[in-house]
Amino acid sequence: MDFATLLQMLDATVRLATPLLLACLAGLYSERAGIFDIGLEGKMLAAAFLSAAIAAVSGSVWLGLLAGIGASIILSIVHGLASITFRGNQLISGVAINFLAAGLTVVIAQSWFRQGGRTPQLTGDARFNPIELPFAEALRDVPVFGSIYYELISGHTILVYIAILMVPLTWWILFRTRFGLRLRAVGENPAAVDTAGVSVVFLRYSAVAICGILCGIAGAYLATALQAGFVKDMSAGRGFIALAALIFAKWRPWYALYACLLFGFLQAMSLRSDVIEGVLGFQVNGQLLDVLPYILTVVILAGFVGKAIPPRAGGEPYVKER
Amino acid sequence: MPKWADVVLIPLISILLAAILSALVILAIGENPWEALKLMVSGALGSTYGWGYTLYYTTNFIFTGLAVAIAFHARMFNIGGEGQALLGGLGVAVVCLFIPWPHWTLALLGCIIGAALFGAAWAAIPAFLQAKRGSHIVITTIMFNFIAAALLNYFLIGALKVPGSMEPASAKFPEATHLPSFQDMFSFGEATLFRGAPANVTFFVALAACVGLWALIWRTRLGYEIRAFGHSESAAKYAGISPTKIIMVSMLISGGLAGMMAINNVQGEAERLVLNAVEGAGFIGIAVALMGRSHPFGVFLAALLFGFLYQGGAELALWTSIPRELIIVIQALVILFTGALDNMVRMPLERLFLSMRRAKQ
């Protein structure tokens with residue numbers, strides 16, 4: 001494998017890791033606050049559809065992004081109602097949200113566009129286009145650094161940079177602000193937070209809302225940046241890979257970045273089986289690469305390689321004592 | 001609150017809410033919900049052909065619903081029915097293709113064992129990890145669904161594929177393993193009933209499984225232990241019930257039941273193993289178990305309702321512009337209202353019954 005192919009692979013890794021990273025950070029906020037969320041997949045899918053639909057109709061990708069975030073937040077509120085207000089089972093609510101999104105997106109897409117459950121192809125301003133960072137063209141001919149800067153760092157859509165900036169921001173919010181401290185506390189011991197006079201319900205709803213916003217961006221990225229339009233089931237299990245990455249990262253922001261890059265790299269590899277064969281000298285089964293994130297997560301969960309311990313109050317509805 | 005309200009009234013109100021919302025969705029996409037319902041009823045229940053499809057889907061959902069239900073009794077959420085049913089299909093294929101069966105009755109027995117073993121084996125690893133390592137069973141079973149899909153893919157484009165064929169599917173099963181369909185069983189002389197419909201003898205196996213599971217849960221020592229464990233783990237431990245044993249046994253039964261769905265769809269209908277044979281039935285089991293309140297009879301009724309919805313939905317997609325995915329929306333609403341938003345219906349009802357009792361005194 002030469003240097004240019006390596007850069008191409010890494011470039012694809014960044015593009016494929018972005019939706020995983022956004023969804024993973026979304027899950028991080030929610031689960032750190034004690035709300036399990038297996039509905040990441042559904043929220044991404046709903047956002048992907050509505051962002052593509054609105055972008056196609058209005059011609060503006062920014063309106064599309066807003067609509068996508070809106071769709072995702074609505075599902076988040078449903079999840080919040082079920083798991084915070086009505087103290088229902090958070091896992092069952094997540095399953096319901098996944099199916100709600102999988103069904104509604106196709107039913108509405110068919111009713112609006114009559115194209116077999118897809119949206120029209122997005123072009124021009126209805127899509128997020130790559131942005132060239134300053135001096136990329138000028139530095140292009142500088143050996144090694146120039147091509148890394150030009151190929152790998154420059155030339156992504158704005159959402160990719162937002163996603164990566166979200167990592168230090170999330171770290172700062174969670175570990176350096178009062179809100180973050182309370183958010184983490186409410187996931188470990190809500191009774192203590194309640195005793196201190198802080199509203200458990202408010203904190204959990206804000207965490208769920210942040211989760212909705214990030215899932216919305218992730219979904220919009222899928223339909224308006226990675227691809228040009230919505231197709232049925234386009235999230236293709238990414239919400240669950242993000243969930244896997246979250247466990248892999250043991251609910252920490254920087255590790256989430258590494259886990260998502262690793263899983264993005266695995267996805268990029270399964271697209272380029274010719275490259276793997278060239279490097280390793282033998283063929284690697286494509287299916288194996290596809291399921292490697294899941295297998296790795298099971299191994300991590302089993303605790304054979306470093307134990308992953310979830311937030312202690314995760315999945316438990318909080319009942320205020322009277 | 002009286003028991004009948006808990007068992008009958010709350011599920012009914014939940015279904016009603018789901019139905020109203022579904023009707024609104026149909027209205028919103030410019031179709032008439034009443035016409036749609038009439039079309040669904042006539043398509044699914046108006047002929048023996050329709051019934052043949054409805055009961056075929058019902059059979060699938062009974063197995064996956066029972067699988068989720070038994071896990072619920074031990075307070076576990078087995079979301080991996082999909083993967084376990086896929087593996088059950090692999091078990092059926094292996095049994096049918098590599099053993100020369102003299103008669104379908106023996107083949108059916110063999111397939112029940114094969115399907116249940118493969119399904120149970122696929123549930124065994126997450127169960128073991130939950131019991132011994134404390135890994136959350138929901139996450140591991142989700143992961144195992146994806147791994148199962150990839151595994152099936154691997155076999156169907158590899159070892160099980162017909163040489164020379166481009167299609168990722170196994171060879172047709174031999175004649176002797178074909179199960180009698182309802183058409184073979186219930187056609188007398190001139191009258192041909194259930195013509196061409198896939199419902200087959202497996203339906204009666206599913207009914208037997210309902211009765212068997214009921215007896216297991218409420219009439220045996222093991223069932224008592226499972227329920228005790230589900231109600232309170234610490235109390236069960238104190239009474240000398242081993243959590244490891246209960247988690248393992250109930251998940252093995254659950255996986256076995258999910259796997260047995262393959263007798264219906266793989267041996268009974270397709271008569272070969274194809275890609276994605278389960279088609280989401282494993283997930284519908286969640287809705288069925290929630291609606292049926294984890295009771296085998298409730299599961300049977302809920303499975304019948306979903307069988308009707310599935311066949312009716314297919315008819316809708318055929319005759320109107322309402323896509324088949326509408327059924328997924330209905331399924332999601334049922335899961336949401338009967339599972340997650342249960343308290344939304346329960347809390348006001350409890351208040352109502354309480355005030356009624358006060359008024360009486």
# chains A, B, ... in the order shown; residues from 1 in each chain; ligands from 1

$ interface_residues --of "chain A" --to "chain B" --cutoff "8 Å" --atoms "only C-alpha atoms" --output "number ranges by chain"
A: 81-83, 86-90, 92-93, 95-104, 106-108, 110-111, 287-288, 290-291, 294-295, 297-298, 301-303

$ write_last_selection --atoms "N, CA and C atoms" --output "short mmCIF file (atom, residue, chain, number, x, y, z; two decimals), in the first residue's frame"
data_model
loop_
_atom_site.label_atom_id
_atom_site.label_comp_id
_atom_site.auth_asym_id
_atom_site.auth_seq_id
_atom_site.Cartn_x
_atom_site.Cartn_y
_atom_site.Cartn_z
N LEU A 81 -40.48 11.52 27.89
CA LEU A 81 -41.79 11.32 28.51
C LEU A 81 -41.89 9.90 29.05
N ALA A 82 -41.53 8.93 28.20
CA ALA A 82 -41.66 7.53 28.59
C ALA A 82 -40.74 7.20 29.76
N SER A 83 -39.49 7.67 29.71
CA SER A 83 -38.53 7.16 30.69
C SER A 83 -38.37 8.08 31.89
N PHE A 86 -43.08 9.25 32.85
CA PHE A 86 -43.96 8.12 33.15
C PHE A 86 -43.19 6.90 33.68
N ARG A 87 -41.90 7.06 33.91
CA ARG A 87 -41.07 6.03 34.54
C ARG A 87 -41.23 4.67 33.90
N GLY A 88 -41.28 4.67 32.59
CA GLY A 88 -41.42 3.40 31.87
C GLY A 88 -40.06 2.75 31.66
N ASN A 89 -40.07 1.67 30.92
CA ASN A 89 -38.83 0.96 30.63
C ASN A 89 -38.09 1.68 29.49
N GLN A 90 -36.87 2.14 29.78
CA GLN A 90 -36.13 2.94 28.81
C GLN A 90 -35.71 2.14 27.58
N ILE A 92 -37.36 -0.48 26.28
CA ILE A 92 -38.52 -0.72 25.43
C ILE A 92 -38.87 0.55 24.66
N SER A 93 -38.76 1.70 25.34
CA SER A 93 -39.03 2.96 24.67
C SER A 93 -38.06 3.17 23.51
N VAL A 95 -36.57 0.84 21.74
CA VAL A 95 -36.96 -0.08 20.65
C VAL A 95 -38.14 0.51 19.87
N ALA A 96 -39.13 1.05 20.62
CA ALA A 96 -40.30 1.63 19.95
C ALA A 96 -39.89 2.78 19.05
N ILE A 97 -38.96 3.62 19.52
CA ILE A 97 -38.54 4.77 18.73
C ILE A 97 -37.84 4.33 17.45
N ASN A 98 -37.03 3.29 17.56
CA ASN A 98 -36.36 2.78 16.36
C ASN A 98 -37.38 2.34 15.31
N PHE A 99 -38.42 1.63 15.74
CA PHE A 99 -39.40 1.16 14.77
C PHE A 99 -40.26 2.31 14.25
N LEU A 100 -40.59 3.24 15.15
CA LEU A 100 -41.40 4.38 14.74
C LEU A 100 -40.69 5.12 13.60
N ALA A 101 -39.38 5.33 13.75
CA ALA A 101 -38.63 6.05 12.72
C ALA A 101 -38.53 5.22 11.45
N ALA A 102 -38.25 3.91 11.62
CA ALA A 102 -38.08 3.06 10.43
C ALA A 102 -39.36 3.03 9.62
N GLY A 103 -40.53 3.01 10.29
CA GLY A 103 -41.80 2.95 9.56
C GLY A 103 -42.21 4.31 9.02
N LEU A 104 -42.21 5.32 9.89
CA LEU A 104 -42.74 6.64 9.50
C LEU A 104 -41.94 7.26 8.36
N VAL A 106 -40.44 5.94 5.83
CA VAL A 106 -40.79 5.39 4.52
C VAL A 106 -42.23 5.78 4.15
N VAL A 107 -43.15 5.69 5.13
CA VAL A 107 -44.55 6.02 4.84
C VAL A 107 -44.66 7.48 4.39
N ILE A 108 -44.00 8.39 5.10
CA ILE A 108 -44.10 9.81 4.75
C ILE A 108 -43.34 10.10 3.45
N GLN A 110 -42.89 8.16 0.97
CA GLN A 110 -43.69 7.67 -0.15
C GLN A 110 -44.84 8.64 -0.43
N SER A 111 -45.44 9.15 0.65
CA SER A 111 -46.59 10.04 0.47
C SER A 111 -46.16 11.40 -0.11
N GLN A 287 -17.65 -9.79 5.67
CA GLN A 287 -18.62 -9.89 6.76
C GLN A 287 -17.93 -9.77 8.12
N LEU A 288 -16.74 -10.36 8.20
CA LEU A 288 -16.02 -10.34 9.47
C LEU A 288 -15.69 -8.91 9.85
N ASP A 290 -17.31 -6.27 8.93
CA ASP A 290 -18.56 -5.57 9.27
C ASP A 290 -18.98 -5.83 10.71
N VAL A 291 -18.79 -7.07 11.19
CA VAL A 291 -19.27 -7.39 12.53
C VAL A 291 -18.19 -7.25 13.59
N TYR A 294 -19.06 -5.21 16.65
CA TYR A 294 -19.97 -5.87 17.59
C TYR A 294 -19.23 -6.91 18.41
N ILE A 295 -18.37 -7.69 17.74
CA ILE A 295 -17.64 -8.72 18.46
C ILE A 295 -16.71 -8.09 19.51
N THR A 297 -17.11 -5.31 20.99
CA THR A 297 -17.91 -4.78 22.09
C THR A 297 -18.32 -5.87 23.06
N VAL A 298 -18.70 -7.03 22.51
CA VAL A 298 -19.08 -8.14 23.38
C VAL A 298 -17.88 -8.55 24.25
N LEU A 301 -17.48 -5.98 26.88
CA LEU A 301 -18.56 -6.11 27.86
C LEU A 301 -18.33 -7.30 28.77
N ALA A 302 -17.78 -8.36 28.20
CA ALA A 302 -17.54 -9.56 28.99
C ALA A 302 -16.48 -9.31 30.05
N GLY A 303 -15.74 -8.20 29.88
CA GLY A 303 -14.78 -7.82 30.90
C GLY A 303 -13.48 -8.58 30.84
#

$ residues_around --residues "range 194-204 of chain A" --least-positions-apart "6" --cutoff "7 Å" --atoms "only C-alpha atoms" --output "list in words"
Ala33, Ile84, Leu183 and Val186 of chain A

$ residues_around --residues "range 308-316 of chain A" --least-positions-apart "6" --cutoff "7 Å" --atoms "only C-alpha atoms" --output "CSV table (one decimal) with C-alpha atoms, in the first residue's frame"
chain,number,residue,atom,x,y,z
A,31,GLU,CA,-26.4,7.6,29.5
A,32,ARG,CA,-24.2,9.7,31.7
A,34,GLY,CA,-28.9,7.8,33.7
A,35,ILE,CA,-31.1,7.4,30.6
A,36,PHE,CA,-30.2,4.4,28.5
A,90,GLN,CA,-36.1,2.9,28.8
A,187,GLY,CA,-26.5,9.2,36.4
A,188,GLU,CA,-24.7,7.8,39.4
A,189,ASN,CA,-26.9,8.8,42.4
A,247,ILE,CA,-19.3,1.1,25.7
A,250,LYS,CA,-16.4,3.4,28.7
A,300,ILE,CA,-15.2,-5.6,26.2
A,301,LEU,CA,-18.6,-6.1,27.9

$ residues_around --residues "Ala48 in chain A" --least-positions-apart "5" --cutoff "12 Å" --atoms "only C-alpha atoms" --output "ChimeraX atom specification"
/A:19,41-43,53-55,61,64-72,101-102,105-106,109,118-119,215-236

$ residues_around --residues "Thr177 in chain B" --least-positions-apart "3" --cutoff "8 Å" --atoms "only C-alpha atoms" --output "list in words"
Cys96, Trp101, His103, Trp104, Ala107, Leu108, Phe173, Pro174 and Gln267 of chain B

$ closest_residue --among "B:Ala115, B:Ala5, B:Val94, B:Ile253" --to "Leu216 in chain B" --atoms "only C-alpha atoms"
B:Ile253

$ residues_around --residues "Ala249 in chain A" --least-positions-apart "6" --cutoff "8 Å" --atoms "only C-alpha atoms" --output "ChimeraX atom specification"
/A:255-256,258-259

$ write_last_selection --atoms "all heavy atoms" --output "compact mmCIF listing (two decimals), in the first residue's frame"
# COMPACT_ATOMS: atom_id res chain seq x y z
N TYR A 255 -12.08 8.91 24.56
CA TYR A 255 -12.06 7.51 24.14
C TYR A 255 -13.13 7.26 23.08
O TYR A 255 -12.97 6.41 22.21
CB TYR A 255 -12.25 6.59 25.33
CG TYR A 255 -11.06 6.56 26.25
CD1 TYR A 255 -10.87 7.52 27.23
CD2 TYR A 255 -10.10 5.56 26.12
CE1 TYR A 255 -9.78 7.51 28.06
CE2 TYR A 255 -9.00 5.53 26.96
CZ TYR A 255 -8.84 6.50 27.92
OH TYR A 255 -7.74 6.48 28.74
N ALA A 256 -14.24 8.03 23.17
CA ALA A 256 -15.29 7.88 22.17
C ALA A 256 -14.75 8.23 20.80
O ALA A 256 -15.05 7.56 19.80
CB ALA A 256 -16.48 8.77 22.52
N TYR A 258 -11.63 7.96 19.78
CA TYR A 258 -10.76 6.88 19.30
C TYR A 258 -11.58 5.67 18.86
O TYR A 258 -11.31 5.05 17.82
CB TYR A 258 -9.75 6.46 20.39
CG TYR A 258 -9.00 7.62 21.00
CD1 TYR A 258 -8.68 7.65 22.35
CD2 TYR A 258 -8.61 8.70 20.21
CE1 TYR A 258 -7.99 8.72 22.91
CE2 TYR A 258 -7.93 9.78 20.76
CZ TYR A 258 -7.64 9.79 22.10
OH TYR A 258 -6.98 10.85 22.65
N ALA A 259 -12.59 5.32 19.66
CA ALA A 259 -13.40 4.15 19.32
C ALA A 259 -14.11 4.36 17.99
O ALA A 259 -14.15 3.46 17.14
CB ALA A 259 -14.42 3.87 20.43

$ residues_around --residues "range 263-265 of chain A" --least-positions-apart "4" --cutoff "7 Å" --atoms "only C-alpha atoms" --output "JSON, numbers by chain"
{"A": [13, 14, 16, 17, 259, 269, 293]}

$ write_last_selection --atoms "C-alpha atoms" --output "compact mmCIF listing (two decimals), in the first residue's frame"
# COMPACT_ATOMS: atom_id res chain seq x y z
CA THR A 13 -12.25 6.72 7.90
CA VAL A 14 -12.86 10.33 8.97
CA LEU A 16 -17.43 7.31 8.04
CA ALA A 17 -16.50 7.96 11.68
CA ALA A 259 -13.40 4.15 19.32
CA MET A 269 -11.54 -1.28 5.21
CA PRO A 293 -17.22 -3.72 16.08

$ select_by_dssp --residues "range 91-223 of chain A" --states "alpha helix (DSSP H)" --output "PyMOL selection string"
chain A and resi 91-113+136-139+145-147+158-176+178-188+190-195+200-221
